[in-house]
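For reference, query32.csv is printed below; it contains CSV, C-alpha atoms.
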```csv
chain,number,residue,atom,x,y,z
G,1,MET,CA,85.0,170.5,298.0
G,2,PRO,CA,81.6,171.9,298.8
G,3,TRP,CA,78.7,171.2,296.4
G,4,TRP,CA,78.5,174.8,295.2
G,5,VAL,CA,82.0,174.7,293.9
G,6,TRP,CA,81.1,171.7,291.8
G,7,LEU,CA,78.0,173.5,290.6
G,8,ILE,CA,80.1,176.5,289.5
G,9,ILE,CA,82.6,174.2,287.7
G,10,VAL,CA,79.7,172.4,285.9
G,11,VAL,CA,78.1,175.7,284.9
G,12,ILE,CA,81.5,177.0,283.5
G,13,ILE,CA,82.0,173.8,281.5
G,14,ILE,CA,78.4,174.0,280.0
G,15,VAL,CA,78.9,177.7,279.1
G,16,ALA,CA,82.3,177.0,277.5
G,17,VAL,CA,80.9,174.1,275.5
G,18,ILE,CA,77.9,176.1,274.3
G,19,GLY,CA,80.1,179.1,273.4
G,20,GLY,CA,82.5,176.9,271.5
G,21,VAL,CA,79.7,175.2,269.5
G,22,LEU,CA,78.2,178.6,268.6
G,23,ALA,CA,81.6,180.0,267.6
G,24,VAL,CA,82.3,176.9,265.4
G,25,GLN,CA,78.9,177.1,263.9
G,26,ALA,CA,79.2,180.8,263.2
G,27,ARG,CA,82.5,180.1,261.4
G,28,ARG,CA,81.0,177.3,259.3
G,29,ARG,CA,78.1,179.5,258.2
G,30,THR,CA,80.3,182.6,257.3
G,31,GLY,CA,79.9,183.5,253.7
G,32,GLY,CA,82.3,184.8,251.2
G,33,VAL,CA,82.9,185.5,247.5
G,34,ILE,CA,84.4,182.6,245.6
G,35,ILE,CA,86.2,183.3,242.4
G,36,SER,CA,86.4,180.6,239.7
G,37,ASP,CA,88.7,180.4,236.8
G,38,ARG,CA,86.3,179.1,234.1
G,39,ASN,CA,85.6,181.7,231.4
G,40,LYS,CA,81.8,182.3,231.6
G,41,GLY,CA,81.9,185.0,228.9
G,42,THR,CA,82.3,188.7,228.9
G,43,ARG,CA,79.8,191.3,228.1
R,1,MET,CA,66.8,199.1,235.3
R,2,SER,CA,69.5,197.3,237.4
R,3,ILE,CA,70.3,197.3,241.1
R,4,LEU,CA,73.6,197.2,242.9
R,5,LEU,CA,74.0,194.9,245.9
R,6,ARG,CA,77.0,194.2,248.1
R,7,SER,CA,77.8,190.5,248.4
R,8,SER,CA,77.4,190.9,252.2
R,9,GLU,CA,73.8,191.8,251.5
R,10,ILE,CA,73.3,188.7,249.4
R,11,ASN,CA,75.0,186.4,251.9
R,12,LYS,CA,72.3,185.2,254.4
R,13,LEU,CA,69.4,186.0,252.0
R,14,PRO,CA,66.7,183.3,252.3
R,15,VAL,CA,66.1,181.1,249.2
R,16,VAL,CA,62.4,180.9,248.7
R,17,THR,CA,60.4,178.7,246.3
R,18,PHE,CA,57.3,179.7,244.4
R,19,ALA,CA,55.3,177.6,247.0
R,20,GLY,CA,56.6,180.0,249.6
R,21,GLU,CA,58.9,177.5,251.3
R,22,ASP,CA,62.1,179.0,252.8
R,23,ILE,CA,64.5,176.2,252.0
R,24,ALA,CA,68.0,177.6,252.5
R,25,GLN,CA,70.2,180.6,253.0
R,26,ILE,CA,72.9,182.0,250.7
R,27,LYS,CA,76.4,181.3,251.9
R,28,ASP,CA,78.9,182.2,249.2
R,29,VAL,CA,78.6,184.1,245.9
R,30,MET,CA,80.5,182.3,243.1
R,31,TYR,CA,81.7,184.3,240.1
R,32,ALA,CA,83.9,183.8,237.1
R,33,ALA,CA,87.3,185.3,237.1
R,34,HIS,CA,87.0,186.3,233.5
R,35,GLY,CA,84.1,188.6,232.9
R,36,GLY,CA,82.8,188.7,236.5
R,37,ARG,CA,79.6,186.8,235.7
R,38,VAL,CA,77.9,185.4,238.8
R,39,GLY,CA,77.6,181.6,238.3
R,40,GLY,CA,75.8,180.6,241.4
R,41,PHE,CA,75.6,180.4,245.2
R,42,THR,CA,76.6,177.9,247.9
R,43,LEU,CA,74.0,177.4,250.6
R,44,ASN,CA,73.6,177.1,254.3
R,45,GLY,CA,70.7,175.3,255.9
R,46,ARG,CA,68.0,177.2,257.8
R,47,GLY,CA,68.5,177.7,261.5
R,48,LEU,CA,71.4,178.5,263.7
R,49,PHE,CA,72.6,174.9,264.0
R,50,ALA,CA,72.3,174.0,260.3
R,51,GLY,CA,75.7,173.9,258.5
R,52,PRO,CA,76.6,174.3,254.9
R,53,LEU,CA,74.4,172.3,252.5
R,54,LYS,CA,75.8,169.8,249.9
R,55,THR,CA,73.6,171.4,247.3
R,56,ALA,CA,74.1,174.8,245.6
R,57,LEU,CA,72.2,177.1,243.4
R,58,ALA,CA,73.3,177.7,239.8
R,59,TRP,CA,72.5,181.2,238.5
R,60,GLU,CA,70.5,179.7,235.6
R,61,THR,CA,67.9,178.4,238.0
R,62,VAL,CA,67.4,181.7,239.9
R,63,VAL,CA,64.0,183.2,239.0
R,64,GLY,CA,64.6,186.4,240.9
R,65,LEU,CA,67.3,188.1,243.1
R,66,GLY,CA,66.3,191.1,245.1
R,67,PRO,CA,67.4,192.8,248.3
R,68,ASP,CA,65.2,190.6,250.5
R,69,ALA,CA,65.2,187.1,249.0
R,70,VAL,CA,66.4,184.8,246.2
R,71,ILE,CA,63.4,183.2,244.4
R,72,ILE,CA,63.6,179.7,242.7
R,73,GLN,CA,61.0,177.5,241.1
R,74,ASP,CA,61.2,174.6,243.6
R,75,GLU,CA,63.7,172.4,245.4
R,76,SER,CA,64.6,170.6,242.2
R,77,SER,CA,66.5,173.8,241.2
R,78,LEU,CA,69.3,172.9,243.6
R,79,THR,CA,72.3,171.0,242.2
R,80,PRO,CA,75.2,169.3,244.1
R,81,THR,CA,77.7,171.9,245.2
R,82,GLU,CA,80.6,169.8,243.9
R,83,SER,CA,79.2,169.6,240.4
R,84,LEU,CA,78.6,173.4,240.3
R,85,LEU,CA,82.1,174.1,241.5
R,86,ALA,CA,83.5,171.7,238.9
R,87,ALA,CA,81.5,173.4,236.2
R,88,MET,CA,83.1,176.7,237.1
R,89,GLN,CA,86.6,175.4,237.6
R,90,SER,CA,88.8,174.5,234.6
R,91,SER,CA,92.2,174.2,236.3
R,92,GLY,CA,91.4,171.7,239.1
R,93,GLN,CA,92.7,174.2,241.7
R,94,PRO,CA,90.3,174.8,244.6
R,95,PRO,CA,88.3,178.1,244.2
R,96,GLY,CA,89.4,180.9,246.4
R,97,ASP,CA,87.6,183.5,248.6
R,98,ILE,CA,88.6,186.9,247.4
R,99,LEU,CA,87.7,188.7,250.6
R,100,GLY,CA,91.0,189.8,252.1
R,101,SER,CA,92.8,189.8,248.8
R,102,GLN,CA,95.0,192.7,247.8
R,103,VAL,CA,94.0,194.9,244.9
R,104,LEU,CA,96.9,196.1,242.7
R,105,THR,CA,96.9,198.4,239.7
R,106,ASP,CA,98.5,197.4,236.5
R,107,ASP,CA,101.3,200.0,237.2
R,108,GLY,CA,102.1,198.1,240.4
R,109,ALA,CA,100.5,200.2,243.1
R,110,ALA,CA,98.6,198.6,246.0
R,111,LEU,CA,95.1,200.1,246.4
R,112,GLY,CA,93.9,198.1,249.4
R,113,VAL,CA,92.3,194.9,250.6
R,114,VAL,CA,88.9,193.7,249.4
R,115,ILE,CA,86.3,193.7,252.2
R,116,ASP,CA,83.2,193.4,250.0
R,117,VAL,CA,82.1,192.9,246.3
R,118,VAL,CA,79.5,195.0,244.5
R,119,ILE,CA,77.2,193.0,242.2
R,120,GLU,CA,75.0,194.5,239.5
R,121,VAL,CA,71.7,192.6,239.1
R,122,ALA,CA,70.3,193.4,235.7
R,123,GLY,CA,66.7,193.9,234.6
R,124,ASP,CA,64.1,191.8,236.4
R,125,GLY,CA,66.7,190.2,238.8
R,126,SER,CA,67.0,187.0,236.9
R,127,SER,CA,68.6,187.7,233.6
R,128,GLN,CA,72.2,188.4,234.7
R,129,ALA,CA,74.3,189.4,237.6
R,130,ASP,CA,77.9,190.6,237.3
R,131,VAL,CA,80.6,191.7,239.7
R,132,VAL,CA,81.2,195.4,238.8
R,133,GLY,CA,83.3,196.6,241.7
R,134,TYR,CA,85.2,195.9,244.9
R,135,GLU,CA,84.8,197.6,248.3
R,136,ILE,CA,88.3,198.0,249.7
R,137,ASP,CA,90.0,199.1,252.8
R,138,PRO,CA,92.4,201.7,251.2
R,139,ALA,CA,96.1,201.0,251.5
R,140,GLU,CA,98.0,203.6,253.6
R,141,GLY,CA,100.3,204.5,250.8
R,142,TRP,CA,97.3,205.6,248.6
R,143,GLY,CA,96.6,208.6,250.8
R,144,ARG,CA,92.8,208.2,250.7
R,145,GLY,CA,92.2,207.9,254.4
R,146,THR,CA,90.8,204.9,256.2
R,147,ASN,CA,87.1,204.9,255.0
R,148,PRO,CA,86.1,202.0,252.7
R,149,MET,CA,86.2,202.9,249.0
R,150,LEU,CA,84.3,201.5,246.1
R,151,ILE,CA,86.5,200.8,243.0
R,152,PRO,CA,84.9,200.0,239.6
R,153,LEU,CA,86.0,197.1,237.5
R,154,PRO,CA,86.4,196.8,233.7
R,155,ASP,CA,83.8,194.6,232.0
R,156,THR,CA,86.6,192.2,231.0
R,157,LEU,CA,88.1,191.9,234.5
R,158,SER,CA,90.8,189.4,235.2
R,159,ALA,CA,91.4,188.1,238.7
R,160,SER,CA,93.0,185.2,240.4
R,161,GLY,CA,94.8,184.1,243.5
R,162,GLU,CA,95.7,186.5,246.2
R,163,HIS,CA,96.1,189.6,244.0
R,164,LEU,CA,93.4,191.3,242.0
R,165,MET,CA,94.5,193.4,239.1
R,166,VAL,CA,92.7,196.6,238.0
R,167,PRO,CA,93.7,199.2,235.5
R,168,ALA,CA,95.5,202.2,237.0
R,169,ALA,CA,92.8,204.5,235.7
R,170,ALA,CA,90.3,202.9,238.2
R,171,ARG,CA,91.9,205.2,240.8
R,172,GLU,CA,90.2,208.2,239.2
R,173,PHE,CA,86.7,206.7,239.5
R,174,VAL,CA,86.6,205.5,243.1
R,175,THR,CA,83.7,206.6,245.2
R,176,ASP,CA,82.6,206.0,248.8
R,177,ASP,CA,78.9,206.0,247.9
R,178,LEU,CA,77.0,203.0,246.5
R,179,ALA,CA,74.3,205.3,245.1
R,180,GLY,CA,76.7,207.0,242.7
R,181,PHE,CA,78.7,203.9,242.0
R,182,GLY,CA,76.7,202.7,239.0
R,183,ALA,CA,77.5,206.0,237.2
R,184,ALA,CA,81.2,205.6,238.2
R,185,VAL,CA,81.3,202.1,236.7
R,186,ASP,CA,79.7,203.3,233.5
R,187,ASP,CA,82.1,206.3,233.3
R,188,PHE,CA,85.1,204.1,234.0
R,189,ARG,CA,84.2,201.6,231.3
R,190,ALA,CA,83.5,204.3,228.8
R,191,HIS,CA,86.9,205.8,229.6
R,192,LEU,CA,88.6,202.4,229.0
R,193,ARG,CA,86.7,202.0,225.7
R,194,LEU,CA,87.8,205.5,224.5
R,195,ARG,CA,91.4,204.8,225.6
R,196,GLY,CA,91.3,201.5,223.7
R,197,ARG,CA,90.2,203.3,220.6
R,198,GLY,CA,92.7,206.1,220.8
```
When written as structure tokens, how does the structure in this file appear?
Amino acid sequence: MPWWVWLIIVVIIIVAVIGGVLAVQARRRTGGVIISDRNKGTR
Amino acid sequence: MSILLRSSEINKLPVVTFAGEDIAQIKDVMYAAHGGRVGGFTLNGRGLFAGPLKTALAWETVVGLGPDAVIIQDESSLTPTESLLAAMQSSGQPPGDILGSQVLTDDGAALGVVIDVVIEVAGDGSSQADVVGYEIDPAEGWGRGTNPMLIPLPDTLSASGEHLMVPAAAREFVTDDLAGFGAAVDDFRAHLRLRGRG
């Protein structure tokens, strides 16, 4: 295969890896609202 | 004087010490199923590649909570996340995220799905914070259109698992505007107290 085909393949792999890492990281950092069952008192 | 904040506005707020150090970012808001009192926050590290921290912030150590930052004394205010979660859990079951949970009235009608939570921060931003309402995507059967609605909660709310129960009377006090939501919560709670007396 010509060198530029390898170059395109390498670029695609790098972009996919970076995209995957960013997606996983965004998911890990996503916040929420956690409800606990311990009675902390009412007003 | 109190302020109303959505949990989505609190998530990602920077945690700043008195020395001006920006040490973490809010990840999750933790609150008690009975009473709705905010017990603390789990934290993310600063920066895009930092993940969740193993330390959390108990509400007792928060000096101030406002729309732009959470203020603490210093880094010693942080506690291990596991010990804070254990302090808030009595059943041993893992705590659950209520975003995406279904809201049901006590007469069995589905009102919608929780997309956000409204938190009232009392006084100077450090004395107390309570969950006072849910922002929901209305259920089709309710006939309130598709715009998000704010639904007030009683001051002795009860919630667990996938379904969140609210009194049927809450339907009469829904609003789509956070500015008028504080009054809706007060009216709703006054209505419940009157009904309880009658």
Sel. within 6 Å of pt (82.9, 181.6, 239.7), counting all atoms listed in the file, output as number ranges by chain: G: 35-36; R: 30-32, 39, 88
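Any residue of chain R with an atom within 7 Å of chain G counts; using all atoms listed in the file, that gives Asn11, Lys27, Asp28, Val29, Met30, Tyr31, Ala32, Ala33, His34, Gly35, Arg37, Asn44, Phe49, Gly51, Pro52, Met88, Gln89, Ser90, Pro95, Gly96, Asp97, Ile98, Leu99, Asp155 and Thr156 of chain R.
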Cut-off 9 Å around (56.5, 179.3, 241.3) with only C-alpha atoms: residues as a VMD selection string: chain R and resid 17 to 20 63 71 to 74
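In this structure, CA of Gly64 in chain R sits 25.1 Å away from CA of Leu48 in chain R.
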Gly108 in chain R surroundings by all atoms listed in the file, 10 Å radius, close-in-sequence under 3 positions cut, as a PyMOL selection string: chain R and resi 103-105+111+165-168
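Interatomic distance, CA of Gly100 in chain R to CA of Pro148 in chain R: 13.2 Å.
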Nearby residues (only C-alpha atoms) at most 10 Å from Arg6 in chain R, same-chain spacing under 5 positions excluded, as a PyMOL selection string: chain R and resi 11+67+116-120+131+133-135+178
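CA of Ser76 in chain R is positioned 12.4 Å from CA of Val16 in chain R.
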Residue with smallest distance to Phe173 in chain R - pool R:Met1, R:Ile10, R:Ile151, R:Leu57, counting all atoms listed in the file: R:Ile151
Shell of 10 Å around Leu84 in chain R, all atoms listed in the file, local chain residues under 2 positions omitted, as a PyMOL selection string: chain R and resi 30+39-42+55-58+78-82+86-89
